[in-house]
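Participant: This is the content of coords_20.txt (compact mmCIF, C-alpha atoms and all ligand atoms):
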```
# COMPACT_ATOMS: atom_id res chain seq x y z
CA MET A 174 91.40 67.28 152.49
CA GLU A 175 94.07 65.67 154.65
CA GLU A 176 94.19 61.91 154.82
CA THR A 177 93.88 60.50 158.28
CA GLU A 178 94.40 56.90 159.39
CA LEU A 179 90.62 56.72 159.80
CA GLU A 180 89.98 57.95 156.30
CA ARG A 181 92.38 55.37 154.88
CA ALA A 182 90.63 52.66 156.82
CA GLU A 183 87.26 53.83 155.52
CA VAL A 184 88.06 53.49 151.81
CA PRO A 185 86.20 50.23 151.04
CA PHE A 186 88.11 49.60 147.88
CA HIS A 187 90.93 47.20 147.38
CA TYR A 188 91.78 47.79 143.77
CA GLU A 189 95.37 49.00 143.41
CA LEU A 190 96.09 50.99 140.24
CA PRO A 191 99.07 49.40 138.42
CA GLN A 192 102.26 51.46 138.61
CA GLU A 193 102.42 51.92 134.81
CA ALA A 194 98.85 53.27 134.83
CA VAL A 195 99.71 55.73 137.60
CA SER A 196 102.75 56.91 135.62
CA LEU A 197 100.61 57.40 132.52
CA ILE A 198 97.99 59.35 134.51
CA LEU A 199 100.69 61.60 135.99
CA SER A 200 102.17 62.19 132.58
CA GLU A 201 98.74 63.12 131.12
CA ILE A 202 98.26 65.54 134.02
CA TYR A 203 101.68 67.07 133.37
CA THR A 204 100.98 67.52 129.65
CA THR A 205 97.68 69.31 130.24
CA THR A 206 98.38 71.33 133.37
CA GLY A 207 102.18 71.60 133.73
CA TYR A 208 101.93 70.20 137.29
CA ASN A 209 104.51 67.49 137.93
CA PHE A 210 103.54 64.94 140.59
CA GLN A 211 106.16 62.31 139.69
CA ASP A 212 108.01 62.93 142.95
CA TYR A 213 105.04 62.94 145.28
CA ALA A 214 104.70 60.08 147.78
CA MET A 215 103.23 57.30 145.66
CA ALA A 216 101.15 55.90 148.51
CA THR A 217 99.24 59.21 148.71
CA ILE A 218 98.84 59.46 144.93
CA GLN A 219 97.56 55.88 144.87
CA ARG A 220 94.97 56.56 147.60
CA ARG A 221 93.77 59.80 146.01
CA LEU A 222 93.31 58.03 142.65
CA GLN A 223 91.43 55.19 144.34
CA ARG A 224 89.09 57.75 145.93
CA ARG A 225 88.55 59.39 142.55
CA LEU A 226 87.62 56.02 141.00
CA ILE A 227 85.10 55.45 143.78
CA THR A 228 83.60 58.96 143.46
CA GLU A 229 83.23 58.63 139.70
CA ARG A 230 82.08 54.99 139.92
CA MET A 231 84.89 53.89 137.63
CA ALA A 232 85.98 50.26 137.71
CA ASN A 233 89.66 50.63 136.96
CA ALA A 234 92.59 52.82 135.89
CA ALA A 235 91.86 52.28 132.18
CA GLU A 236 88.57 54.17 132.55
CA LEU A 237 90.31 57.07 134.24
CA ILE A 238 92.99 57.20 131.53
CA ASP A 239 90.27 57.12 128.89
CA ARG A 240 88.52 60.06 130.57
CA LEU A 241 91.77 62.04 130.72
CA GLN A 242 92.51 61.42 127.06
CA LYS A 243 89.00 62.35 125.89
CA PHE A 244 88.64 65.34 128.25
CA PRO A 245 92.12 66.72 129.04
CA GLN A 246 90.66 69.44 131.33
CA TYR A 247 89.65 66.63 133.68
CA ALA A 248 93.30 66.65 134.75
CA TYR A 249 92.63 69.78 136.86
CA LYS A 250 90.25 67.76 139.01
CA LEU A 251 93.08 65.36 139.79
CA VAL A 252 95.44 68.25 140.55
CA ALA A 253 92.90 69.44 143.13
CA ASP A 254 92.67 65.89 144.51
CA PHE A 255 96.44 65.80 145.07
CA SER A 256 96.38 69.13 146.92
CA ILE A 257 95.50 67.94 150.40
CA ASN A 258 94.70 71.18 152.17
CA VAL A 259 93.54 70.51 155.69
CA THR A 260 94.72 73.25 158.03
CA ALA A 261 93.59 75.09 161.16
CA MET A 262 94.06 78.29 163.12
CA PHE A 263 96.92 77.84 165.60
CA ARG A 264 97.35 74.24 164.46
CA ASP A 265 99.53 72.39 166.99
CA PRO A 266 99.07 75.10 169.65
CA GLN A 267 102.24 74.09 171.51
CA PHE A 268 104.23 74.88 168.39
CA PHE A 269 102.80 78.42 168.30
CA ASN A 270 103.40 78.75 172.04
CA TYR A 271 107.05 77.88 171.53
CA PHE A 272 107.29 80.24 168.57
CA ARG A 273 105.82 83.08 170.64
CA ASN A 274 108.14 82.53 173.60
CA GLU A 275 111.41 81.59 171.91
CA VAL A 276 111.45 82.97 168.36
CA ILE A 277 109.60 86.28 168.78
CA PRO A 278 112.22 87.70 171.20
CA GLU A 279 114.91 87.05 168.57
CA LEU A 280 112.82 88.71 165.85
CA ARG A 281 112.48 91.91 167.86
CA LYS A 282 115.98 92.99 166.87
CA GLU A 283 115.07 93.05 163.16
CA SER A 284 113.93 96.34 161.69
CA PHE A 285 111.71 94.52 159.18
CA ILE A 286 110.59 90.88 159.23
CA ARG A 287 109.87 88.86 156.11
CA VAL A 288 108.01 85.58 156.63
CA TRP A 289 107.27 82.93 154.00
CA VAL A 290 104.43 80.47 154.61
CA ALA A 291 105.03 77.83 151.92
CA GLY A 292 102.03 75.55 151.32
CA CYS A 293 99.61 77.87 153.12
CA ALA A 294 96.39 76.10 152.00
CA THR A 295 93.35 78.30 152.80
CA GLY A 296 95.39 80.76 154.86
CA GLU A 297 94.77 79.82 158.50
CA GLU A 298 98.49 79.51 159.31
CA ALA A 299 99.20 82.96 157.87
CA TYR A 300 96.18 84.44 159.73
CA SER A 301 97.48 82.89 162.98
CA LEU A 302 100.90 84.44 162.45
CA SER A 303 99.35 87.78 161.65
CA ILE A 304 97.43 87.75 164.95
CA LEU A 305 100.48 86.59 166.89
CA LEU A 306 102.75 89.27 165.39
CA GLN A 307 100.10 91.91 166.08
CA GLU A 308 99.90 90.88 169.74
CA GLU A 309 103.68 90.96 170.03
CA GLY A 310 103.90 94.47 168.54
CA LEU A 311 105.73 93.32 165.38
CA TYR A 312 102.90 93.40 162.87
CA GLU A 313 103.58 96.90 161.55
CA ARG A 314 107.08 95.88 160.50
CA CYS A 315 106.36 92.49 158.95
CA ARG A 316 105.32 91.13 155.59
CA ILE A 317 103.95 87.58 155.35
CA TYR A 318 104.25 85.95 151.91
CA ALA A 319 101.83 83.01 151.87
CA THR A 320 102.00 80.71 148.85
CA ASP A 321 100.46 77.50 147.55
CA MET A 322 100.41 75.61 144.26
CA ASN A 323 96.61 75.44 144.38
CA GLU A 324 94.99 78.60 142.91
CA GLY A 325 91.62 77.69 144.45
CA VAL A 326 92.88 77.74 148.03
CA ILE A 327 94.79 80.99 147.40
CA ALA A 328 91.58 82.65 146.18
CA GLN A 329 89.81 81.41 149.33
CA ALA A 330 92.68 82.58 151.59
CA LYS A 331 92.49 86.11 150.20
CA THR A 332 88.91 86.47 151.46
CA GLY A 333 89.96 86.11 155.13
CA ALA A 334 86.84 84.00 155.71
CA LEU A 335 86.49 81.08 158.10
CA PRO A 336 83.44 78.93 158.87
CA LEU A 337 81.72 80.07 162.06
CA SER A 338 81.33 76.40 162.99
CA LYS A 339 85.09 76.08 163.53
CA MET A 340 85.49 79.06 165.86
CA GLN A 341 85.05 77.11 169.09
CA ALA A 342 87.89 74.75 168.25
CA TYR A 343 90.03 77.62 166.97
CA THR A 344 89.44 79.61 170.15
CA ARG A 345 90.67 76.63 172.19
CA ASN A 346 93.77 76.40 169.97
CA TYR A 347 94.39 80.12 170.34
CA PHE A 348 94.36 80.00 174.16
CA ALA A 349 96.46 76.83 174.23
CA SER A 350 99.00 78.63 172.04
CA GLY A 351 99.42 81.40 174.63
CA GLY A 352 96.86 83.89 173.26
CA LYS A 353 95.36 86.13 175.94
CA GLU A 354 92.95 88.40 174.08
CA GLN A 355 89.33 87.89 173.04
CA PHE A 356 89.90 85.67 169.99
CA HIS A 357 86.57 86.67 168.37
CA SER A 358 87.62 90.35 168.51
CA TYR A 359 89.86 89.71 165.47
CA PHE A 360 86.85 88.83 163.31
CA SER A 361 83.54 90.18 162.18
CA SER A 362 80.77 87.73 161.42
CA LYS A 363 78.22 87.51 158.66
CA ASP A 364 75.85 84.59 158.04
CA GLU A 365 77.74 81.40 158.81
CA GLN A 366 81.19 82.91 158.24
CA VAL A 367 83.64 85.04 160.17
CA TYR A 368 86.06 87.42 158.45
CA LEU A 369 89.53 88.31 159.66
CA HIS A 370 89.79 92.10 160.07
CA ALA A 371 91.18 93.84 157.00
CA LYS A 372 94.06 95.24 159.03
CA LEU A 373 95.31 91.70 159.77
CA LEU A 374 95.09 90.73 156.10
CA ARG A 375 96.84 93.87 154.89
CA ASN A 376 100.41 92.64 155.49
CA ILE A 377 99.82 89.19 154.00
CA VAL A 378 100.58 88.68 150.31
CA PHE A 379 98.90 85.51 149.03
CA SER A 380 100.20 84.16 145.75
CA HIS A 381 100.77 81.09 143.65
CA HIS A 382 104.11 79.31 144.04
CA ASN A 383 104.93 75.70 143.21
CA LEU A 384 107.67 74.17 145.34
CA VAL A 385 108.38 71.64 142.58
CA ASP A 386 109.59 74.08 139.95
CA ASP A 387 109.37 77.70 141.09
CA ARG A 388 112.42 79.45 142.44
CA SER A 389 113.31 81.28 145.59
CA PHE A 390 111.80 84.78 145.43
CA ASN A 391 113.24 86.57 148.47
CA GLU A 392 115.38 86.17 151.56
CA PHE A 393 113.31 85.53 154.67
CA HIS A 394 113.75 85.77 158.43
CA VAL A 395 111.22 83.01 159.01
CA ILE A 396 109.94 80.20 156.78
CA PHE A 397 106.99 77.99 157.67
CA CYS A 398 106.72 74.87 155.51
CA ARG A 399 104.56 72.67 157.70
CA ASN A 400 102.73 69.50 156.72
CA VAL A 401 103.77 69.77 153.08
CA LEU A 402 106.97 67.71 152.80
CA ILE A 403 105.22 64.60 154.10
CA TYR A 404 103.48 64.36 150.72
CA PHE A 405 106.76 64.29 148.77
CA ASN A 406 109.27 61.52 148.10
CA HIS A 407 112.86 61.78 149.28
CA ARG A 408 114.15 63.37 146.08
CA LEU A 409 111.54 66.14 146.08
CA GLN A 410 112.04 66.70 149.81
CA GLU A 411 115.76 67.27 149.15
CA HIS A 412 114.94 69.68 146.33
CA VAL A 413 112.57 71.66 148.58
CA HIS A 414 115.10 71.70 151.43
CA ASP A 415 117.60 73.30 149.01
CA LEU A 416 114.99 75.90 148.05
CA LEU A 417 114.10 76.66 151.67
CA TYR A 418 117.78 76.91 152.63
CA ASP A 419 118.47 79.29 149.73
CA SER A 420 115.51 81.43 150.80
CA LEU A 421 116.42 81.73 154.49
CA GLY A 422 118.85 84.36 155.76
CA LEU A 423 121.65 83.47 158.17
CA GLY A 424 120.17 83.37 161.68
CA GLY A 425 116.69 82.79 160.20
CA PHE A 426 114.13 80.26 161.46
CA LEU A 427 112.67 77.28 159.62
CA ALA A 428 109.47 75.69 160.95
CA LEU A 429 108.40 72.21 159.79
CA GLY A 430 105.38 70.05 160.62
CA SER A 431 105.34 67.68 163.59
CA ARG A 432 106.03 64.65 161.37
CA GLU A 433 108.77 66.37 159.36
CA SER A 434 112.44 66.86 160.13
CA LEU A 435 115.74 68.22 158.88
CA ARG A 436 117.54 65.10 160.13
CA PHE A 437 119.22 63.10 157.37
CA THR A 438 119.04 66.00 154.92
CA LYS A 439 122.21 67.55 153.60
CA HIS A 440 121.38 70.82 155.37
CA ALA A 441 121.07 69.28 158.85
CA SER A 442 124.48 70.55 160.00
CA GLN A 443 123.67 74.12 158.90
CA PHE A 444 120.90 74.44 161.48
CA ILE A 445 120.42 73.98 165.19
CA ASN A 446 117.28 72.29 166.35
CA MET A 447 115.87 74.78 168.86
CA SER A 448 113.58 72.35 170.62
CA SER A 449 113.40 68.60 171.02
CA LEU A 450 109.60 68.72 170.71
CA GLN A 451 108.83 71.49 168.21
CA LYS A 452 110.25 71.40 164.69
CA ILE A 453 111.86 74.83 164.69
CA TYR A 454 115.38 75.17 163.35
CA LYS A 455 117.73 78.15 163.33
CA ARG A 456 120.12 78.56 160.42
CA ILE A 457 123.68 78.91 161.73
CA ASN A 458 125.69 78.77 158.51
C1 LIG A 501 98.11 69.79 154.55
S1 LIG A 501 98.26 71.41 153.82
C2 LIG A 501 99.23 72.25 155.03
C3 LIG A 501 98.72 73.63 155.30
C4 LIG A 501 99.46 74.40 156.39
N1 LIG A 501 100.86 74.55 156.07
C5 LIG A 501 99.31 73.72 157.72
O1 LIG A 501 100.24 73.08 158.21
O2 LIG A 501 98.21 73.82 158.30
C6 LIG A 501 99.41 71.14 152.48
C7 LIG A 501 99.38 72.25 151.44
O3 LIG A 501 100.54 72.11 150.61
C8 LIG A 501 100.20 72.46 149.31
N2 LIG A 501 101.16 71.90 148.36
C9 LIG A 501 101.29 70.62 147.96
N3 LIG A 501 102.24 70.52 147.01
C10 LIG A 501 102.72 71.77 146.82
C11 LIG A 501 103.69 72.32 145.97
N4 LIG A 501 104.35 71.56 145.10
N5 LIG A 501 103.95 73.65 146.02
C12 LIG A 501 103.26 74.44 146.88
N6 LIG A 501 102.29 73.98 147.71
C13 LIG A 501 102.03 72.67 147.69
C14 LIG A 501 98.80 71.88 149.13
O4 LIG A 501 98.12 72.50 148.05
C15 LIG A 501 98.19 72.16 150.50
O5 LIG A 501 97.48 73.38 150.48
```
Could you write out this structure as structure tokens?
Facilitator:
Amino acid sequence: MEETELERAEVPFHYELPQEAVSLILSEIYTTTGYNFQDYAMATIQRRLQRRLITERMANAAELIDRLQKFPQYAYKLVADFSINVTAMFRDPQFFNYFRNEVIPELRKESFIRVWVAGCATGEEAYSLSILLQEEGLYERCRIYATDMNEGVIAQAKTGALPLSKMQAYTRNYFASGGKEQFHSYFSSKDEQVYLHAKLLRNIVFSHHNLVDDRSFNEFHVIFCRNVLIYFNHRLQEHVHDLLYDSLGLGGFLALGSRESLRFTKHASQFINMSSLQKIYKRIN
């Protein structure tokens, strides 16, 4: 779940876990699971741990550490807490509108298009791209690699399922992003869910990949890494920017979230910022 300003305001809990306790918790998590959160934004880690204390009715960090030491598998619950996976179909519709109008024409000259969606959460961003590429006649020659560190969201993404209750909002996003078809025609519905048509899932490969310690695995024409870097500290952001740069072909496109930027990174001069409003960068050297 993504943290909003409202959510932060609603946490009625003013206990701050001491820094040494947070470090110990992260090190217990690393020992049990292999996930390293040392370079995540500490403010987010702090808030997620505070929420966990409230949910479990624990009074302080010592109780949480005790739980972790007695029941090491409990660490996986905290890993899931740190994976904030809010997403949406055609999230930030103006971004997708820009992508459709300005990036798609440049992709037409490629004989095959490889896209990486890094930090794909439950798949909505990859589904949106799949629909967009289908409408633009590029779907048959594309492969979308959609990855996340969280195995649970990857399993969910593979199903192609979305809650029916969200379809109204997603339909609005779709039209605002420049979509002109019947949005519901891409889905079949059953009970309270809708399912993306198998054809639109076929060219998406969902798999596990951890931006902290996994390597580049291909050279891409387009990389989406949106609303992921905001959860990292400066050092981890730099590491991920290296990885994204190494994974993007010359002339390729990098898309970041609305609150993320390439400015002040060591790769800034290797890209042009295509738009002053949308975070889409083209690699020029
Ligand atoms: C807020 S969601 C963004 C989803 C989507 N990109 C979007 O903008 O709608 C952030 C996602 O990044 C994933 N994530 C966080 N740390 C990661 C890491 N080290 N490697 C890969 N994915 C990570 C989380 O599990 C979560 O699913």
Participant: With the cut-off set at 6 Å and counting all atoms listed in the file, tabulate each residue of chain A with an atom at most that distance from an atom of ligand LIG 501 (chain A), showing the nearest atom pair and its distance in Å to one decimal, ordered by chain and increasing number, as JSON lines.
Facilitator:
```
{"residue": "A:Glu175", "atom": "CA", "partner": "A:LIG501", "partner_atom": "C1", "distance": 5.8}
{"residue": "A:Ser256", "atom": "CA", "partner": "A:LIG501", "partner_atom": "O4", "distance": 4.0}
{"residue": "A:Ile257", "atom": "CA", "partner": "A:LIG501", "partner_atom": "C15", "distance": 5.0}
{"residue": "A:Asn258", "atom": "CA", "partner": "A:LIG501", "partner_atom": "O5", "distance": 3.9}
{"residue": "A:Val259", "atom": "CA", "partner": "A:LIG501", "partner_atom": "C1", "distance": 4.8}
{"residue": "A:Thr260", "atom": "CA", "partner": "A:LIG501", "partner_atom": "O2", "distance": 3.5}
{"residue": "A:Ala261", "atom": "CA", "partner": "A:LIG501", "partner_atom": "O2", "distance": 5.6}
{"residue": "A:Gly292", "atom": "CA", "partner": "A:LIG501", "partner_atom": "O3", "distance": 3.8}
{"residue": "A:Cys293", "atom": "CA", "partner": "A:LIG501", "partner_atom": "N1", "distance": 4.6}
{"residue": "A:Ala294", "atom": "CA", "partner": "A:LIG501", "partner_atom": "O5", "distance": 3.3}
{"residue": "A:Glu298", "atom": "CA", "partner": "A:LIG501", "partner_atom": "O2", "distance": 5.8}
{"residue": "A:Asp321", "atom": "CA", "partner": "A:LIG501", "partner_atom": "N6", "distance": 4.0}
{"residue": "A:Met322", "atom": "CA", "partner": "A:LIG501", "partner_atom": "C12", "distance": 4.0}
{"residue": "A:Asn323", "atom": "CA", "partner": "A:LIG501", "partner_atom": "O4", "distance": 4.9}
{"residue": "A:His382", "atom": "CA", "partner": "A:LIG501", "partner_atom": "C12", "distance": 5.7}
{"residue": "A:Asn383", "atom": "CA", "partner": "A:LIG501", "partner_atom": "N5", "distance": 3.6}
{"residue": "A:Leu384", "atom": "CA", "partner": "A:LIG501", "partner_atom": "N5", "distance": 3.8}
{"residue": "A:Val385", "atom": "CA", "partner": "A:LIG501", "partner_atom": "N4", "distance": 4.8}
{"residue": "A:Cys398", "atom": "CA", "partner": "A:LIG501", "partner_atom": "N1", "distance": 5.9}
{"residue": "A:Arg399", "atom": "CA", "partner": "A:LIG501", "partner_atom": "O1", "distance": 4.4}
{"residue": "A:Asn400", "atom": "CA", "partner": "A:LIG501", "partner_atom": "O1", "distance": 4.6}
{"residue": "A:Val401", "atom": "CA", "partner": "A:LIG501", "partner_atom": "C6", "distance": 4.6}
```
Participant: Leaving out A:Leu450 and any residue of its chain fewer than 6 positions from it, which residues lie within 10 Å of it when counting all atoms listed in the file, given as a PyMOL selection string?
Facilitator: chain A and resi 267-268+271+431
Participant: Which residue gives the smallest distance to A:Ser200 among A:Ala371, A:Gln219, A:Ile238, A:Ile227, with only C-alpha atoms counted?
Facilitator: A:Ile238
Participant: Work out how far apart atom CA of A:Ala330 and atom CA of A:His357 are and give it in Å to one decimal.
Facilitator: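 Here the two named atoms are 18.3 Å from each other.
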Participant: A:Pro191: which residues within 10 Å, counting only C-alpha atoms, same-chain residues fewer than 4 positions away excluded, as a PyMOL selection string?
Facilitator: chain A and resi 195-196+219+233-235
Participant: How many Å lie between atom CA of A:Asn209 and atom CA of A:Gln443, rounded to one decimal?
Facilitator: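 The value is 29.2 Å.
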